[in-house]
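Structure data (mmCIF, C-alpha atoms and all ligand atoms) from input38.cif:
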```cif
data_my_file
loop_
_atom_site.label_atom_id
_atom_site.label_comp_id
_atom_site.auth_asym_id
_atom_site.auth_seq_id
_atom_site.Cartn_x
_atom_site.Cartn_y
_atom_site.Cartn_z
CA MET A 1 -24.19 -133.73 218.36
CA ILE A 2 -21.58 -135.20 215.98
CA VAL A 3 -22.93 -137.98 213.77
CA LEU A 4 -20.73 -140.42 211.87
CA GLY A 5 -22.49 -141.45 208.63
CA ILE A 6 -21.71 -144.72 206.84
CA GLU A 7 -23.03 -145.44 203.31
CA THR A 8 -22.39 -148.87 201.75
CA SER A 9 -25.60 -149.67 199.88
CA CYS A 10 -24.09 -150.24 196.44
CA ASP A 11 -20.74 -149.45 194.83
CA GLU A 12 -19.59 -146.42 196.80
CA THR A 13 -18.17 -146.38 200.31
CA GLY A 14 -19.12 -143.00 201.76
CA ILE A 15 -18.18 -141.77 205.24
CA ALA A 16 -18.90 -138.37 206.80
CA LEU A 17 -19.01 -136.47 210.07
CA TYR A 18 -21.90 -134.05 210.53
CA ASP A 19 -22.17 -131.67 213.48
CA THR A 20 -25.66 -130.37 214.29
CA ASP A 21 -24.09 -127.07 215.45
CA SER A 22 -21.56 -126.40 212.72
CA GLY A 23 -22.63 -128.57 209.76
CA LEU A 24 -20.56 -130.98 207.70
CA LEU A 25 -17.11 -131.45 209.26
CA SER A 26 -15.55 -133.85 206.78
CA HIS A 27 -16.40 -136.54 204.28
CA ALA A 28 -14.63 -139.17 202.20
CA LEU A 29 -15.69 -141.42 199.38
CA PHE A 30 -14.28 -144.42 197.60
CA SER A 31 -15.94 -145.35 194.33
CA GLN A 32 -15.71 -148.94 193.07
CA ILE A 33 -16.64 -147.89 189.52
CA GLU A 34 -13.29 -148.95 188.07
CA MET A 35 -13.52 -152.42 189.61
CA HIS A 36 -17.09 -153.07 188.38
CA GLY A 37 -16.45 -151.39 185.00
CA GLU A 38 -14.59 -154.49 183.92
CA TYR A 39 -17.84 -156.50 184.30
CA GLY A 40 -20.21 -153.89 182.81
CA GLY A 41 -22.17 -153.53 186.06
CA VAL A 42 -22.01 -153.98 189.83
CA VAL A 43 -20.90 -157.43 191.04
CA PRO A 44 -22.53 -157.67 194.51
CA GLU A 45 -19.96 -159.99 196.12
CA LEU A 46 -17.04 -157.83 194.97
CA ALA A 47 -18.87 -154.74 196.25
CA SER A 48 -19.27 -156.16 199.78
CA ARG A 49 -15.66 -157.30 199.97
CA ASP A 50 -14.41 -153.91 198.89
CA HIS A 51 -16.61 -152.06 201.43
CA ILE A 52 -14.96 -154.20 204.16
CA ARG A 53 -11.54 -153.01 202.99
CA ARG A 54 -12.56 -149.32 202.80
CA VAL A 55 -14.85 -148.46 205.72
CA LEU A 56 -12.36 -148.31 208.61
CA PRO A 57 -9.58 -146.45 206.72
CA LEU A 58 -12.16 -143.92 205.47
CA ILE A 59 -13.52 -143.42 209.02
CA LYS A 60 -9.95 -142.76 210.20
CA GLN A 61 -9.48 -140.32 207.30
CA THR A 62 -12.64 -138.33 208.09
CA LEU A 63 -11.77 -138.17 211.80
CA THR A 64 -8.24 -136.95 211.01
CA THR A 65 -9.52 -134.33 208.56
CA ALA A 66 -11.97 -133.04 211.19
CA ASN A 67 -9.27 -133.18 213.86
CA LEU A 68 -11.39 -135.49 216.00
CA ASN A 69 -11.19 -138.98 217.42
CA LEU A 70 -13.82 -141.70 217.83
CA ARG A 71 -14.64 -140.55 221.40
CA ASP A 72 -15.91 -137.24 219.96
CA VAL A 73 -18.62 -139.00 217.95
CA SER A 74 -22.08 -138.81 219.57
CA ALA A 75 -24.03 -141.17 217.28
CA ILE A 76 -23.69 -143.43 214.25
CA ALA A 77 -25.99 -143.41 211.20
CA TYR A 78 -25.64 -146.17 208.62
CA THR A 79 -27.60 -147.00 205.47
CA GLN A 80 -29.97 -149.81 206.42
CA GLY A 81 -31.57 -150.19 202.97
CA PRO A 82 -32.62 -150.46 200.25
CA GLY A 83 -29.60 -151.80 198.39
CA LEU A 84 -27.43 -154.89 198.02
CA ALA A 85 -27.89 -157.01 201.16
CA GLY A 86 -24.21 -157.99 201.50
CA ALA A 87 -23.00 -154.43 200.93
CA LEU A 88 -25.53 -153.02 203.41
CA LEU A 89 -24.43 -155.57 206.02
CA VAL A 90 -20.89 -154.18 205.98
CA GLY A 91 -21.96 -150.66 206.98
CA ALA A 92 -24.64 -151.92 209.37
CA SER A 93 -22.30 -154.29 211.20
CA ILE A 94 -19.42 -151.83 211.50
CA GLY A 95 -21.81 -149.03 212.52
CA SER A 96 -23.50 -151.21 215.13
CA ALA A 97 -20.20 -152.57 216.48
CA LEU A 98 -18.86 -149.03 216.90
CA SER A 99 -22.03 -147.91 218.63
CA PHE A 100 -21.88 -150.82 221.09
CA ALA A 101 -18.19 -150.30 221.77
CA LEU A 102 -18.52 -146.52 222.20
CA LYS A 103 -21.89 -146.81 224.04
CA ILE A 104 -23.50 -144.29 221.72
CA PRO A 105 -26.77 -144.57 219.75
CA SER A 106 -26.92 -145.86 216.20
CA ILE A 107 -29.66 -145.44 213.66
CA GLY A 108 -30.41 -147.20 210.37
CA ILE A 109 -31.21 -144.75 207.58
CA HIS A 110 -33.26 -145.25 204.42
CA HIS A 111 -30.93 -144.57 201.50
CA LEU A 112 -33.56 -142.58 199.59
CA GLU A 113 -34.34 -140.45 202.62
CA GLY A 114 -30.65 -139.57 202.58
CA HIS A 115 -30.91 -138.49 198.93
CA LEU A 116 -34.19 -136.67 199.59
CA LEU A 117 -32.76 -134.56 202.40
CA SER A 118 -29.34 -133.99 200.76
CA PRO A 119 -30.26 -130.57 199.23
CA LEU A 120 -30.70 -129.34 202.83
CA LEU A 121 -26.91 -129.63 203.18
CA SER A 122 -26.47 -126.76 200.69
CA THR A 123 -27.16 -123.06 201.05
CA PRO A 124 -29.63 -121.68 200.23
CA SER A 125 -31.59 -124.72 201.27
CA PRO A 126 -35.29 -125.44 200.77
CA ILE A 127 -37.79 -125.11 203.61
CA PHE A 128 -40.49 -127.76 204.19
CA PRO A 129 -42.84 -128.39 202.42
CA PHE A 130 -41.42 -129.14 198.98
CA VAL A 131 -41.77 -131.57 196.11
CA ALA A 132 -38.81 -133.88 195.58
CA LEU A 133 -37.78 -135.51 192.33
CA LEU A 134 -35.72 -138.58 193.23
CA VAL A 135 -33.81 -139.75 190.20
CA SER A 136 -31.25 -142.46 190.84
CA GLY A 137 -30.08 -145.71 189.30
CA GLY A 138 -32.83 -147.64 191.03
CA HIS A 139 -35.63 -145.11 191.56
CA THR A 140 -37.59 -142.38 189.82
CA GLN A 141 -40.17 -140.90 192.14
CA LEU A 142 -41.96 -137.64 192.80
CA MET A 143 -42.64 -137.13 196.50
CA GLU A 144 -44.44 -134.54 198.55
CA VAL A 145 -42.16 -133.79 201.52
CA CYS A 146 -43.72 -132.00 204.49
CA GLY A 147 -41.05 -132.78 207.09
CA VAL A 148 -38.57 -135.49 208.07
CA GLY A 149 -40.45 -138.77 207.56
CA HIS A 150 -43.53 -137.06 206.13
CA TYR A 151 -43.32 -138.34 202.56
CA LYS A 152 -46.21 -138.87 200.17
CA LEU A 153 -45.60 -140.61 196.87
CA LEU A 154 -47.08 -138.61 193.97
CA GLY A 155 -45.80 -140.72 191.10
CA GLU A 156 -43.05 -143.11 190.09
CA THR A 157 -41.69 -145.08 187.20
CA VAL A 158 -43.70 -148.08 186.12
CA ASP A 159 -40.59 -149.81 184.71
CA ASP A 160 -36.95 -148.65 184.45
CA ALA A 161 -35.56 -145.87 186.63
CA ALA A 162 -34.17 -142.80 184.83
CA GLY A 163 -30.58 -143.67 185.81
CA GLU A 164 -31.12 -147.26 184.70
CA ALA A 165 -32.35 -145.97 181.32
CA PHE A 166 -29.22 -143.80 181.01
CA ASP A 167 -27.03 -146.80 181.91
CA LYS A 168 -28.76 -149.24 179.53
CA THR A 169 -28.81 -146.74 176.65
CA ALA A 170 -25.15 -145.96 177.23
CA LYS A 171 -24.40 -149.69 177.02
CA LEU A 172 -26.27 -149.88 173.69
CA LEU A 173 -24.10 -147.02 172.45
CA GLY A 174 -20.95 -148.81 173.55
CA LEU A 175 -20.17 -146.42 176.42
CA GLY A 176 -18.71 -147.65 179.70
CA TYR A 177 -20.31 -148.22 183.11
CA PRO A 178 -21.92 -146.24 184.71
CA GLY A 179 -23.39 -144.81 181.55
CA GLY A 180 -25.12 -141.65 182.80
CA PRO A 181 -22.11 -139.32 183.00
CA ALA A 182 -20.58 -140.75 179.78
CA LEU A 183 -23.83 -140.44 177.84
CA SER A 184 -24.43 -136.87 178.96
CA LYS A 185 -20.85 -135.94 178.01
CA LEU A 186 -21.33 -137.45 174.54
CA ALA A 187 -24.74 -135.74 174.15
CA LYS A 188 -22.98 -132.33 174.28
CA GLN A 189 -21.44 -133.06 170.86
CA GLY A 190 -24.74 -134.25 169.37
CA ASN A 191 -27.42 -132.55 167.35
CA PRO A 192 -30.63 -132.96 169.38
CA GLY A 193 -32.82 -132.19 166.37
CA ARG A 194 -31.62 -135.05 164.14
CA PHE A 195 -33.61 -137.83 165.83
CA LYS A 196 -36.89 -137.41 167.66
CA LEU A 197 -37.52 -140.02 170.34
CA PRO A 198 -40.89 -140.57 172.08
CA ARG A 199 -41.79 -138.78 175.32
CA PRO A 200 -43.21 -141.75 177.27
CA MET A 201 -46.30 -141.10 179.42
CA LEU A 202 -46.00 -137.33 178.97
CA HIS A 203 -49.76 -137.05 178.57
CA SER A 204 -50.75 -139.92 180.86
CA GLY A 205 -52.65 -137.53 183.13
CA ASP A 206 -50.79 -138.81 186.21
CA LEU A 207 -47.32 -138.28 187.67
CA ASN A 208 -45.90 -141.66 186.68
CA PHE A 209 -43.00 -142.31 184.31
CA SER A 210 -41.91 -145.03 181.93
CA PHE A 211 -38.41 -145.26 180.47
CA SER A 212 -38.00 -148.80 179.16
CA GLY A 213 -39.54 -147.95 175.76
CA LEU A 214 -36.94 -145.25 175.16
CA LYS A 215 -34.15 -147.78 175.39
CA THR A 216 -35.98 -149.91 172.79
CA ALA A 217 -36.41 -146.84 170.54
CA VAL A 218 -32.66 -146.24 170.79
CA LEU A 219 -31.99 -149.88 169.91
CA THR A 220 -34.17 -149.47 166.78
CA LEU A 221 -32.20 -146.34 165.78
CA THR A 222 -28.87 -148.09 166.22
CA LYS A 223 -30.06 -150.87 163.90
CA LYS A 224 -31.37 -148.47 161.26
CA HIS A 225 -28.33 -146.20 161.00
CA GLU A 226 -24.67 -146.65 160.46
CA ILE A 227 -23.13 -145.89 163.85
CA THR A 228 -20.59 -143.18 163.13
CA PRO A 229 -19.24 -141.13 166.08
CA GLN A 230 -21.59 -138.26 165.08
CA THR A 231 -24.64 -140.54 164.92
CA ARG A 232 -23.83 -141.92 168.37
CA ALA A 233 -23.63 -138.39 169.74
CA ASP A 234 -26.90 -137.43 167.98
CA ILE A 235 -28.69 -140.45 169.48
CA ALA A 236 -27.27 -139.67 172.94
CA SER A 237 -28.50 -136.12 172.59
CA ALA A 238 -32.00 -137.17 171.45
CA PHE A 239 -32.23 -139.64 174.35
CA GLN A 240 -31.18 -137.07 176.92
CA GLU A 241 -33.61 -134.50 175.49
CA ALA A 242 -36.50 -136.98 175.82
CA VAL A 243 -35.69 -137.95 179.43
CA VAL A 244 -35.11 -134.34 180.48
CA GLU A 245 -38.36 -133.13 178.91
CA VAL A 246 -40.45 -135.81 180.63
CA LEU A 247 -38.75 -135.33 184.03
CA THR A 248 -39.17 -131.55 183.77
CA LYS A 249 -42.82 -131.50 182.72
CA LYS A 250 -43.87 -134.10 185.32
CA SER A 251 -41.94 -132.30 188.08
CA LEU A 252 -43.68 -129.02 187.27
CA ALA A 253 -47.04 -130.82 187.16
CA ALA A 254 -46.25 -132.27 190.62
CA LEU A 255 -45.53 -128.77 191.95
CA MET A 256 -48.88 -127.51 190.61
CA HIS A 257 -50.65 -130.58 192.01
CA ALA A 258 -49.18 -130.07 195.49
CA GLY A 259 -49.53 -126.28 195.36
CA PHE A 260 -45.85 -125.87 196.38
CA THR A 261 -43.22 -123.53 194.94
CA GLN A 262 -40.05 -125.42 195.86
CA LEU A 263 -38.68 -128.42 193.99
CA VAL A 264 -35.79 -130.48 195.25
CA VAL A 265 -33.85 -132.76 192.90
CA ALA A 266 -31.89 -135.64 194.38
CA GLY A 267 -30.11 -138.80 193.25
CA GLY A 268 -27.41 -139.49 190.68
CA VAL A 269 -29.32 -138.23 187.62
CA GLY A 270 -29.63 -134.90 189.47
CA ALA A 271 -26.00 -134.35 188.42
CA ASN A 272 -27.12 -134.10 184.79
CA CYS A 273 -26.39 -130.56 183.57
CA GLN A 274 -29.14 -130.45 180.96
CA LEU A 275 -31.73 -131.57 183.52
CA ARG A 276 -30.55 -128.90 185.94
CA GLU A 277 -30.62 -126.12 183.34
CA ASN A 278 -33.99 -127.10 181.93
CA LEU A 279 -35.68 -127.58 185.29
CA SER A 280 -34.42 -124.28 186.70
CA ARG A 281 -35.46 -122.37 183.56
CA GLN A 282 -38.95 -123.88 183.35
CA ALA A 283 -39.57 -123.63 187.10
CA GLU A 284 -38.71 -119.93 187.06
CA LEU A 285 -41.45 -119.37 184.48
CA ILE A 286 -44.07 -120.59 187.00
CA GLY A 287 -42.50 -118.76 189.97
CA ALA A 288 -40.95 -121.88 191.49
CA THR A 289 -37.39 -122.48 192.71
CA VAL A 290 -35.33 -125.63 192.24
CA PHE A 291 -32.79 -126.80 194.83
CA TYR A 292 -30.03 -129.29 194.07
CA PRO A 293 -27.46 -130.99 196.26
CA ALA A 294 -23.84 -130.10 195.48
CA ILE A 295 -22.77 -132.25 192.50
CA GLU A 296 -20.58 -134.43 194.77
CA PHE A 297 -23.65 -135.21 196.95
CA CYS A 298 -25.97 -136.11 194.04
CA THR A 299 -24.56 -139.62 193.79
CA ASP A 300 -24.15 -141.90 196.81
CA ASN A 301 -22.22 -140.40 199.71
CA GLY A 302 -21.85 -140.54 203.48
CA ALA A 303 -22.77 -136.90 204.11
CA MET A 304 -26.45 -137.44 203.27
CA ILE A 305 -26.60 -140.43 205.66
CA ALA A 306 -24.90 -138.55 208.52
CA PHE A 307 -27.25 -135.61 207.91
CA ALA A 308 -30.44 -137.71 207.76
CA GLY A 309 -29.31 -139.53 210.92
CA ALA A 310 -28.73 -136.22 212.70
CA MET A 311 -32.16 -134.90 211.66
CA ARG A 312 -33.91 -138.06 212.91
CA LEU A 313 -31.96 -138.36 216.15
CA GLN A 314 -32.50 -134.67 216.85
CA SER A 315 -36.23 -134.69 216.24
CA SER A 316 -37.23 -137.90 218.00
CA GLY A 317 -34.84 -140.77 217.53
CA THR A 318 -37.84 -143.04 217.01
CA ARG A 319 -35.86 -145.71 215.19
CA GLU A 320 -32.80 -145.47 217.39
CA GLN A 321 -31.41 -148.95 217.75
CA GLN A 322 -31.99 -150.87 220.96
CA GLY A 323 -29.94 -153.88 222.13
CA TYR A 324 -27.28 -155.74 220.19
CA SER A 325 -29.17 -156.85 217.09
CA PHE A 326 -29.33 -155.14 213.71
CA THR A 327 -30.93 -155.85 210.37
CA VAL A 328 -30.67 -154.59 206.82
CA LYS A 329 -33.52 -154.20 204.35
CA ALA A 330 -32.56 -154.88 200.75
CA ARG A 331 -36.08 -153.76 199.78
CA TRP A 332 -37.67 -150.97 201.77
CA ASP A 333 -40.60 -148.76 200.82
CA LEU A 334 -39.93 -145.10 201.68
CA GLY A 335 -43.63 -144.67 202.49
CA LEU A 336 -43.23 -147.09 205.43
CA LEU A 337 -40.83 -144.82 207.31
CA ASP A 338 -41.85 -143.39 210.67
CA ALA A 339 -42.59 -139.69 210.75
CA CYS A 340 -40.62 -137.47 213.12
O1 LIG B 1 -27.97 -142.07 193.32
P1 LIG B 1 -26.97 -142.90 192.64
O2 LIG B 1 -25.50 -142.61 192.88
O3 LIG B 1 -27.11 -144.42 192.99
C1 LIG B 1 -28.32 -145.03 193.23
O4 LIG B 1 -28.80 -144.94 194.40
O5 LIG B 1 -28.84 -145.60 192.25
O6 LIG B 1 -27.30 -142.82 191.08
C2 LIG B 1 -26.55 -143.50 190.12
C3 LIG B 1 -27.19 -143.25 188.77
C4 LIG B 1 -26.57 -144.09 187.67
O7 LIG B 1 -27.61 -144.70 186.93
C5 LIG B 1 -25.82 -143.05 186.84
O8 LIG B 1 -25.71 -143.40 185.48
C6 LIG B 1 -26.68 -141.83 187.02
O9 LIG B 1 -27.08 -141.88 188.38
N1 LIG B 1 -25.95 -140.58 186.74
C7 LIG B 1 -26.26 -139.74 185.73
C8 LIG B 1 -25.30 -138.70 185.76
N2 LIG B 1 -24.45 -138.94 186.81
C9 LIG B 1 -24.87 -140.10 187.40
N3 LIG B 1 -27.23 -139.79 184.81
C10 LIG B 1 -27.28 -138.80 183.91
N4 LIG B 1 -26.41 -137.77 183.86
C11 LIG B 1 -25.40 -137.68 184.77
N5 LIG B 1 -24.55 -136.66 184.73
ZN ZN B 2 -28.31 -143.57 195.69
#
```
Rewrite the structure from the file as structure tokens, please.
Ligand code: KG4
Ligand code: ZN
Amino acid sequence: MIVLGIETSCDETGIALYDTDSGLLSHALFSQIEMHGEYGGVVPELASRDHIRRVLPLIKQTLTTANLNLRDVSAIAYTQGPGLAGALLVGASIGSALSFALKIPSIGIHHLEGHLLSPLLSTPSPIFPFVALLVSGGHTQLMEVCGVGHYKLLGETVDDAAGEAFDKTAKLLGLGYPGGPALSKLAKQGNPGRFKLPRPMLHSGDLNFSFSGLKTAVLTLTKKHEITPQTRADIASAFQEAVVEVLTKKSLAALMHAGFTQLVVAGGVGANCQLRENLSRQAELIGATVFYPAIEFCTDNGAMIAFAGAMRLQSSGTREQQGYSFTVKARWDLGLLDAC
């Protein structure tokens, strides 16, 4: 089965072709970062309009790269939510229209399920069950994953997501949008020992997180000190250290809680080198292994949607679309997904 995946939930248009026999055939991505950078964040209306311009050319590009044509596609998977409603509607309407025209099934995929399953695209890949740390711009969650659709929430952020904290802190430090990659680059030149920031909820006794206080602590530092390039780098480094330590300790606690030995890290913040190094080192000490998606599949992409669609259609196709109607879900709780 060849599945065409369409991701348009936010500011990246991602398209991919996944074959259940031979794996990922091709993928293409257009990032709108430059366009939104001018405004310091995503402008929803501009995002939707740009997705409209990009989806069809990117589908053509992925088909050409894979040496296929539309008639070779067996099913369509599109991101149904959560995300920006207008942006989601672009992928959902094009995906549904193609499925009606080609008389093939289509399936709406939960964006976070795409992230959650994305490490399965790499080799070696984890085997169910595992604990997943989902760290994106909108979510920070620890999940117990026992199979496709079998997700149990262990803990989550009570305020800002980790990526959001990176973005807001980067803004305070005068770095561009999105701030995560820029802040982590700057942190490499910083002295992590100069400033000590709090480790929020580290000893809360549960698996929840809180990141909004860190941003405030950074704001206080920026007011107290003259912001030289070195001070900015030192603050960036202290911030990253704090986030990485909390994410690492809570992830290991989640592994112990679940009694599992495999940890999967997914979502944009999973591209952070310090997080990767720290998690892998600490996990090894307790006999656990950490699996990451390829860096290019940490942030939003079509491959994870095509893959999640293929997994669902292969195992049961329970949410396979019927009739001519489709919907998107700007808000959608991962725990409400059907199991396969
Ligand atoms: O998963 P994603 O592409 O989009 C959402 O679904 O939210 O994640 C984007 C987030 C942004 O907040 C971005 O700043 C963060 O991931 N991010 C990073 C890094 N690369 C992306 N944060 C820290 N370090 C990075 N290297
Ligand atoms: Zn995402």
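One distance worth recording is that between CA of Ala75 in chain A and CA of Pro105 in chain A, which is 5.0 Å.
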Which chains and residue numbers are within 7 Å of ligand ZN 2 (chain B), counting only C-alpha atoms and all ligand atoms, if I want them as a PyMOL selection string?
-> chain A and resi 111-112+115+136-137+267-268+299-300
One-decimal distance in Å that lies between CA of Arg232 in chain A and CA of Leu175 in chain A =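 Atom-to-atom, CA of Leu175 in chain A to CA of Arg232 in chain A, that is 9.9 Å.
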Excluding same-chain residues fewer than 3 positions from Ser118 in chain A, what lies within 12 Å of it counting all atoms listed in the file, as a ChimeraX atom specification?
-> /A:24,111-115,121-123,125-126,132,134,148,264-268,270,291-309,311
Using all atoms listed in the file: which of A:Arg331, A:Arg194, A:Arg199, A:Arg312 has the shortest distance to Gly147 in chain A = A:Arg312
Closest of A:Arg276, A:Lys152, A:His139, A:Lys196 to ligand LIG 1 (chain B) - atom-to-atom distances counting only C-alpha atoms and all ligand atoms |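 Distance minimum relative to ligand LIG 1 (chain B) lands on A:His139.
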Would you mind reading off the distance between CA of Asp160 in chain A and atom O6 of ligand LIG 1 (chain B), one decimal, in Å?
-> 13.1 Å
Residues at most 12 Å from range 68-74 of chain A, counting all atoms listed in the file, excluding those fewer than 4 positions away in the same chain, as a CSV table (one decimal) with C-alpha atoms, keeping the file's coordinate frame?
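Final output, result-v8.csv:
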```
chain,number,residue,atom,x,y,z
A,1,MET,CA,-24.2,-133.7,218.4
A,2,ILE,CA,-21.6,-135.2,216.0
A,3,VAL,CA,-22.9,-138.0,213.8
A,4,LEU,CA,-20.7,-140.4,211.9
A,5,GLY,CA,-22.5,-141.4,208.6
A,16,ALA,CA,-18.9,-138.4,206.8
A,17,LEU,CA,-19.0,-136.5,210.1
A,18,TYR,CA,-21.9,-134.0,210.5
A,19,ASP,CA,-22.2,-131.7,213.5
A,20,THR,CA,-25.7,-130.4,214.3
A,25,LEU,CA,-17.1,-131.4,209.3
A,26,SER,CA,-15.6,-133.8,206.8
A,56,LEU,CA,-12.4,-148.3,208.6
A,59,ILE,CA,-13.5,-143.4,209.0
A,60,LYS,CA,-10.0,-142.8,210.2
A,61,GLN,CA,-9.5,-140.3,207.3
A,62,THR,CA,-12.6,-138.3,208.1
A,63,LEU,CA,-11.8,-138.2,211.8
A,64,THR,CA,-8.2,-137.0,211.0
A,95,GLY,CA,-21.8,-149.0,212.5
A,98,LEU,CA,-18.9,-149.0,216.9
A,99,SER,CA,-22.0,-147.9,218.6
A,101,ALA,CA,-18.2,-150.3,221.8
A,102,LEU,CA,-18.5,-146.5,222.2
A,103,LYS,CA,-21.9,-146.8,224.0
A,104,ILE,CA,-23.5,-144.3,221.7
A,105,PRO,CA,-26.8,-144.6,219.8
A,106,SER,CA,-26.9,-145.9,216.2
A,107,ILE,CA,-29.7,-145.4,213.7
A,306,ALA,CA,-24.9,-138.6,208.5
A,309,GLY,CA,-29.3,-139.5,210.9
A,310,ALA,CA,-28.7,-136.2,212.7
A,313,LEU,CA,-32.0,-138.4,216.2
A,314,GLN,CA,-32.5,-134.7,216.8
```
Hey, what's within 7 Å of range 325-328 of chain A if we count all atoms listed in the file and toss same-chain stuff fewer than 3 positions away? As an mmCIF file with C-alpha atoms, in the frame of the given file, please?
```
data_model
loop_
_atom_site.group_PDB
_atom_site.id
_atom_site.type_symbol
_atom_site.label_atom_id
_atom_site.label_comp_id
_atom_site.auth_asym_id
_atom_site.auth_seq_id
_atom_site.Cartn_x
_atom_site.Cartn_y
_atom_site.Cartn_z
ATOM 1 C CA GLN A 80 -29.970 -149.810 206.420
ATOM 2 C CA GLY A 81 -31.570 -150.190 202.970
ATOM 3 C CA ALA A 85 -27.890 -157.010 201.160
ATOM 4 C CA LEU A 88 -25.530 -153.020 203.410
ATOM 5 C CA LEU A 89 -24.430 -155.570 206.020
#
```
